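The next block holds one structure in the form of C-alpha cells; read it before the comments.
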Amino acid sequence: MKILILGGSGHIGGRLFRMLDAVPGLDVWRASRRAGNAAERSVQVDTLDADGLRRVLADVGCVVNCVAGNATAISAGAKTLAAAALHTGSRVVHLSTMSVYGGAQGVVREDTAFDPSLGWYARAKVEAEAAMADLVRQGGQAVVLRPGCVAGPGSQLWVGRIGRWLQAGRLGDIGAAGDGWSNLVHVDDVCRAVEAALRMPLAAGQLPAYNLAAPDGPRWSEYFVDLGVAIGATPVRRLSARRVRLDAKVLGPPLKIAEKLAMKLGLPTAALPDAMPPALVRFFEQQILLDGHAAENGLGLRWTPYRKTLEDGADWFAGQTARR
Amino acid sequence: MIVEAASIEAGSCLKVDVCIVGSGAAGISMALALSGRGLSVLLLESGRMEHHDPTQALYAGSVADEKLHSPPDKYRHRRFGGATAIWGGRCMPFDPIDFEAREYIPHSGWPIAYEDLAPFYPEANRLAEAGPFEYSADAAFGPGKPMIQGFHSDRVRTDGIERFSCPTNFAARYRERLQQAPDVTVLMGANCTGIRLQADGSRVRAVDVATLEGHRFTVAAQDTVLAVGGLETARLLLASRDVAPAGIGNEHDVVGRYYMCHIAGNVGKLTVKGPTSNVRHGYEVSPEGIYCRRRISLSEAEQRRLGVANMVARLHFPRITDPAHRSGVLSGLFMARRLISYEYSKRLKDGAPPTASVYARHLWNIVTGPVDTLGFLWHWVRRRTLAQRKFPSVILRNKSNQFSLEMHGEQIPQPDSRVTLTDDCDALGMPRIRVDWRYSPADIDAVRKTLDVLVEEFARSGLATFEYDGAALEHDLTRFGAYGGHHCGTARMGTDPHTSVVDADCRVHSVANLYVAGSAVFPTSSQANPTLTLIAVSLRLAEHLVERARARNAAVQEMSGAVAA
C-alpha cells in the first residue's frame, strides 16, 4: 500500500515516516512544500492546491494529515484534502488535537462536545475535523486521532522549550498553577496509533476518533520537576504562579516580536529565549484528563510508560543542547 | 465541588457513600484518594477559606497545666485545610520499630506493621510536596557526604534526613482539584455537632451538622470518617452520648486517654574538632528543590539493647533567650518575638520575663554583629518571606563547630495523659475540652540514656565531644511543655477494645461504619512529626473504604441476582 504523509518533515510526520518506512509492505512517501525527490520518496505538494493534491493522491491508499502551520493551512488544507481524498478514494488518518475540547475540565472522552472558543488554533482544528466528518458523510474514509501533549524525542513544544525554561529558571514547580494533567503521549505511541489507523477495518459512514494520552501521565508541576531533574536543571525551583504569569505577560510580547524580526532578517531564532504564551500558562492549570481507553481497545495501543517518555525526551534534549 | 452549608435545605438529610468530617491534611488527602473511585464523598468543613474568629473560638478549652500544654485553640486551625495553614512542613516516616510491641515501652505496639503503611508513604510525600520518598542522605545526595566527616558508629545513625514541605497549605494547593471533582462535595461552614448511632449502637445513623448561623441538617453515609485531629476526635466521640452513655467507642474508658505529643528541647554542647566544613548542620537542597536536613538517632538494635524510646537529635544553635550566645541574629529574633505568631514564638519566650540587662545584652549582640544580622535578614526575606518553598527555619552560619542538640522524641503512652469534656459549652452547644497532658520520668530517662550513648560514641570517634547537664535535663525538655500541635493517641489503634478505640482498619471497635483518620489513631508517637504518617494512614483508610464499598456492591448484586433467579 502506498502511504503519503502530509507534513512529513515535522516532529510527528518525520518520526512517522522513519517508523512506517521500516514496515514491510508499505510504500511510504512524504509531501512537503519544497521540491520533491523520488530517491528520498518525497513529493512537492501545496496542500491548498486541490488539483495538485488530487494528482498526488491518485495512487495513494492512505494519506496521513500531519500538517501544522497557520489557521488556513490547517482548516482550508483539511477541506482541500477531504475533497481530494473523496475523489481518489484514499483513506485519511487525520491528526487532530485535544485542543478541540477547548476549556473542558474533568475526564474527557471522545464524545465530549467541541469548544473552539479558546483561540485560532482550536477553531482551525475543529473546522478540520468537520471536513473529515463531511468526507465520511459523502462516502470517504477517515480516522481522527486526538493526541494530548506529544512528548519524547523531537518534541520542541513539550520537552525542548520547557527544558530551556527550566534551565533558565523561568519555569519550575509551580504548585497549584501546574495542577492540570499533562496528558503526555510518547511520539512513538502516536506513530503506532497512525499505523493501526491505516489498517483498521472501517464500516461505511463510520468516523472513529481516538484520544491519545498515556494513563500514567503526571500533572504539569510534577512533570516540570521530573524533567528538570532528568536534564540536570537542578535544583528545580519552586515558582509562584504570579511570577510565571508575569514572565508570559511582560517578556512574551517583546520576545515574540524579536522572534518574528529575526525570522524576517534571516537570523537564527534558536538564540532567542522562548516566549511563554499566556494561554499556555493558563493551560497548565486546566484540569482536563484525556481518556485514552478507546485507543487501547480500538487501535490495540499499549502506552509507553511515563518514565520512558520522560527519559527519551531528556536524552533528546541533552543531544540538542550538545549540538547547540 | 465546594458549596456553603447554608445552601443545604434545613432539616434535610444528605445521603452519601462516605462522609468525612474535617478537611485538614487527613480529610483532604482522603477525599482526593477517594475521588474517581465510584463513591460519592462529602467533606464537612467547619470553617471558611480563611481564618474566621467565631469559628476558631469553637476550639477554645482549658488545660490542666498551662506550663505543660498550649491552650486547645492554639496549633489548631478550624478552617479549610486545617493546621496545614501554619504547619512547619517537616516530613519523615515512622520507623519500623515504632510499630512493634516493645516490652520496654508500656502500651506500645500497632496492629499494623511498617510494611502495611509503606505503600502509602510515597503518595503522602507527593501530597505534602516533599519530593521523592527517600530518607537516607546517601540516596538523596549521593554517597561520601556525611553529617560529620569521618564519624562512623554502629550504635548511632547519622545518615537519616528529614524533608520539608513548602510547607504546603492543603487548602490552597488542592482546592481546585476538589472543586473540579464531580464525586466530591465540600461543605463549608458545616460543623459536626454529633454522631447519631442507631438504637443498638452498632452503626452510625447520621451525623448532625450545624452552621454558626443556626442552620441544621444531617448526613447519612454508608461510612463516616472523623478526620478532625487528635483533640477534636476525642471531643466528638465523647460528646455523642445519646445512645452510648460514655461516648462512642468509649465502653472501656479509652477515648481521650493515652494522649501524646513529643518530648522536645535543646540540650548539651557538641563540639566538633577540625574545620567547620567537616559538618553538615543546616539545610541542603535536593535536586527536586526540597530542603533536607540531617538527623542523629540510635540504631534500632541500640534502642532495644538500652530499652529506650525512639528519638532524633538535630544540630542546633544555643538557646535564643540567653544573650550569652553573642549572635546578632538570635538576639534579633528575640527582640522581634512579639511580631512572630504564637506557634513559632513560643521558644522565644521561656522562663522569667527578661530584665533590662538582658535586653541591653541582646541589643549589644545586634549592634556588634551587623554584617551577620543583615546577611541573615537578606537571606530570610529572599528565601523565606518571598519564597514559594520556604527556608524551613533559622540556621546560623557555623563559625565555631559548637552546637546544641535539638531533641525530638517519642513519649511513652500513658492512660492518665488525657482529654476530657467539661460542662462549659461552645456556641453550638458542644462541651469544651480540658487537656491534661502528662509525661513520665521514663520519658526523660530515655533521653538521658540516648544522650549518654552520644557522649560515648563521639568521644570514641575522637572527632567530637558532647556534654550535657544531667541535672537540668528534665527542665530543658519540658521548658516549653508538650511539643506543640502533635496531638496523638486519643483514639488509638489496637486489637483489644479494652486498650484501644479503633481496629487495624481505623474502624471504631463497636461501630460497624465509623472510622477515625489522622494522628488520633497512633498508639505510639515515634520520633517523627505526625503529618506525613497521618496522611499515609488516611490514604490507607481510603483504600479500605473503596474495597468495602466494592464488597458491599458485590453483595447487593448477588442478592438481587438471587431474587431475580
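Chain labels follow the order of the C-alpha cells: the first chain is A, the next B, and so on; residue numbering restarts at 1 in every chain, and ligands are counted from 1 in their shown order.
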Requested in this report: Skip Met311 (chain B) itself and residues of its chain fewer than 3 positions away, then list as a list in words all residues within 9 Å of it, counting only C-alpha atoms.
Outcome: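 After dropping sequence-adjacent residues, the list is Ile263, Ile296, Ser297, Leu298, Val308, Met407, His408, Gly409, Glu410, Ala446, Val447, Thr450, Ser526, Gln527 and Ala528 of chain B.
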**Report entry** Check: which chain A residues lie within 9 Å of chain B using only C-alpha atoms, as a PyMOL selection string
**Finding:** chain A and resi 105-106+173-177+179-180+225-226+228-229+232-240+287
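Residues surrounding region 44-57 of chain B within 6 Å are Val21, Gly22, Ser23, Tyr59, Ala60, Arg78, Arg79, Phe80, Leu187, Met188, Gly189, Ala190 and Asn191 of chain B [only C-alpha atoms; sequence separation below 2 positions excluded].
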Keeping only C-alpha atoms, take the residues you just selected and write them out as a PDB file, in the first residue's frame.
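part19.pdb, written as the output of this step:
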ATOM      1  CA  VAL B  21     -15.702  15.182  58.956  1.00  0.00           C
ATOM      2  CA  GLY B  22     -12.839  17.668  58.766  1.00  0.00           C
ATOM      3  CA  SER B  23     -10.797  18.911  55.847  1.00  0.00           C
ATOM      4  CA  TYR B  59     -11.819  25.231  69.628  1.00  0.00           C
ATOM      5  CA  ALA B  60     -11.327  27.050  72.924  1.00  0.00           C
ATOM      6  CA  ARG B  78     -10.557  25.428  62.223  1.00  0.00           C
ATOM      7  CA  ARG B  79     -10.615  26.330  58.526  1.00  0.00           C
ATOM      8  CA  PHE B  80     -10.412  24.638  55.147  1.00  0.00           C
ATOM      9  CA  LEU B 187     -19.485  21.780  52.546  1.00  0.00           C
ATOM     10  CA  MET B 188     -18.092  24.984  54.037  1.00  0.00           C
ATOM     11  CA  GLY B 189     -19.251  26.227  57.412  1.00  0.00           C
ATOM     12  CA  ALA B 190     -20.531  22.745  58.293  1.00  0.00           C
ATOM     13  CA  ASN B 191     -19.885  21.843  61.920  1.00  0.00           C
TER      14      ASN B 191
END
Just the residues within 8 Å of Val28 (chain A), please, counting only C-alpha atoms, with nothing from its chain fewer than 5 positions along; format it as an mmCIF file with N, CA and C atoms, in the first residue's frame.
data_model
loop_
_atom_site.group_PDB
_atom_site.id
_atom_site.type_symbol
_atom_site.label_atom_id
_atom_site.label_comp_id
_atom_site.auth_asym_id
_atom_site.auth_seq_id
_atom_site.Cartn_x
_atom_site.Cartn_y
_atom_site.Cartn_z
ATOM 1 N N LYS A 2 0.479 2.228 -0.755
ATOM 2 C CA LYS A 2 1.223 3.485 -0.787
ATOM 3 C C LYS A 2 0.637 4.439 0.256
ATOM 4 N N ILE A 3 1.546 4.974 1.039
ATOM 5 C CA ILE A 3 1.156 5.892 2.116
ATOM 6 C C ILE A 3 1.780 7.241 1.813
ATOM 7 N N LEU A 4 1.016 8.296 2.025
ATOM 8 C CA LEU A 4 1.588 9.635 1.880
ATOM 9 C C LEU A 4 1.387 10.397 3.184
ATOM 10 N N ILE A 5 2.496 10.960 3.670
ATOM 11 C CA ILE A 5 2.410 11.745 4.906
ATOM 12 C C ILE A 5 2.494 13.221 4.554
ATOM 13 N N PHE A 17 7.381 8.923 9.356
ATOM 14 C CA PHE A 17 7.965 8.490 8.085
ATOM 15 C C PHE A 17 9.019 7.417 8.327
ATOM 16 N N LEU A 20 7.259 4.099 9.708
ATOM 17 C CA LEU A 20 6.479 3.342 8.720
ATOM 18 C C LEU A 20 7.377 2.793 7.616
ATOM 19 N N ASP A 21 8.453 3.542 7.337
ATOM 20 C CA ASP A 21 9.380 3.146 6.282
ATOM 21 C C ASP A 21 9.997 1.776 6.581
ATOM 22 N N ARG A 41 11.856 9.580 -1.629
ATOM 23 C CA ARG A 41 10.412 9.385 -1.599
ATOM 24 C C ARG A 41 9.690 10.602 -1.010
#
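Take the candidates B:Leu348, B:Val329, B:Leu539, B:Val156 and check each one against Gly27 (chain B) using only C-alpha atoms; the shortest distance goes to B:Leu539.
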Report task. Could you give me the residues within region 425-527 of chain B that DSSP places in strand (DSSP E), as a ChimeraX atom specification? Result -> /B:425,431-436,464-467,514-516
Taking C-alpha atoms for each residue, export the selection above as an mmCIF file, in the first residue's frame.
data_model
loop_
_atom_site.group_PDB
_atom_site.id
_atom_site.type_symbol
_atom_site.label_atom_id
_atom_site.label_comp_id
_atom_site.auth_asym_id
_atom_site.auth_seq_id
_atom_site.Cartn_x
_atom_site.Cartn_y
_atom_site.Cartn_z
ATOM 1 C CA CYS B 425 -20.101 24.611 76.046
ATOM 2 C CA PRO B 431 -18.930 20.628 75.521
ATOM 3 C CA ARG B 432 -15.443 22.120 75.561
ATOM 4 C CA ILE B 433 -12.376 20.028 76.292
ATOM 5 C CA ARG B 434 -9.822 20.012 79.048
ATOM 6 C CA VAL B 435 -6.368 18.762 78.204
ATOM 7 C CA ASP B 436 -4.297 17.057 80.865
ATOM 8 C CA ALA B 464 33.925 15.417 68.675
ATOM 9 C CA THR B 465 32.917 15.787 72.283
ATOM 10 C CA PHE B 466 29.432 16.011 73.681
ATOM 11 C CA GLU B 467 28.451 17.061 77.165
ATOM 12 C CA LEU B 514 -17.441 4.718 61.888
ATOM 13 C CA TYR B 515 -13.773 5.414 61.196
ATOM 14 C CA VAL B 516 -11.092 7.699 62.533
#
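Omitting Arg307 (chain A) and its sequence neighbours fewer than 4 positions away, and counting only C-alpha atoms, the residues within 12 Å are Ala151, Gly152, Leu184, Val185, His186, Ala214, Asp216, Gly217, Pro218, Tyr223, Asp226, Leu227, Ala230, Trp303, Glu311, Asp312, Gly313 and Ala314 of chain A.
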Requested in this report: Kindly give the distance, in Å, that separates CA of Tyr258 (chain B) and CA of Arg235 (chain B), rounded to a single decimal.
Outcome: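 According to the coordinates, CA of Tyr258 (chain B) and CA of Arg235 (chain B) are separated by 14.3 Å.
By only C-alpha atoms, and with residues fewer than 6 positions from Arg33 (chain A) along its chain excluded, the set lying at most 12 Å from it is Leu6, Gly7, Gly8, Ser9, Gly10, Ser42, Val43, Gln44, Val45, Asp46, Thr47, Leu48, Asp49, Gly52, Leu53, Val67 and Ala73 of chain A.
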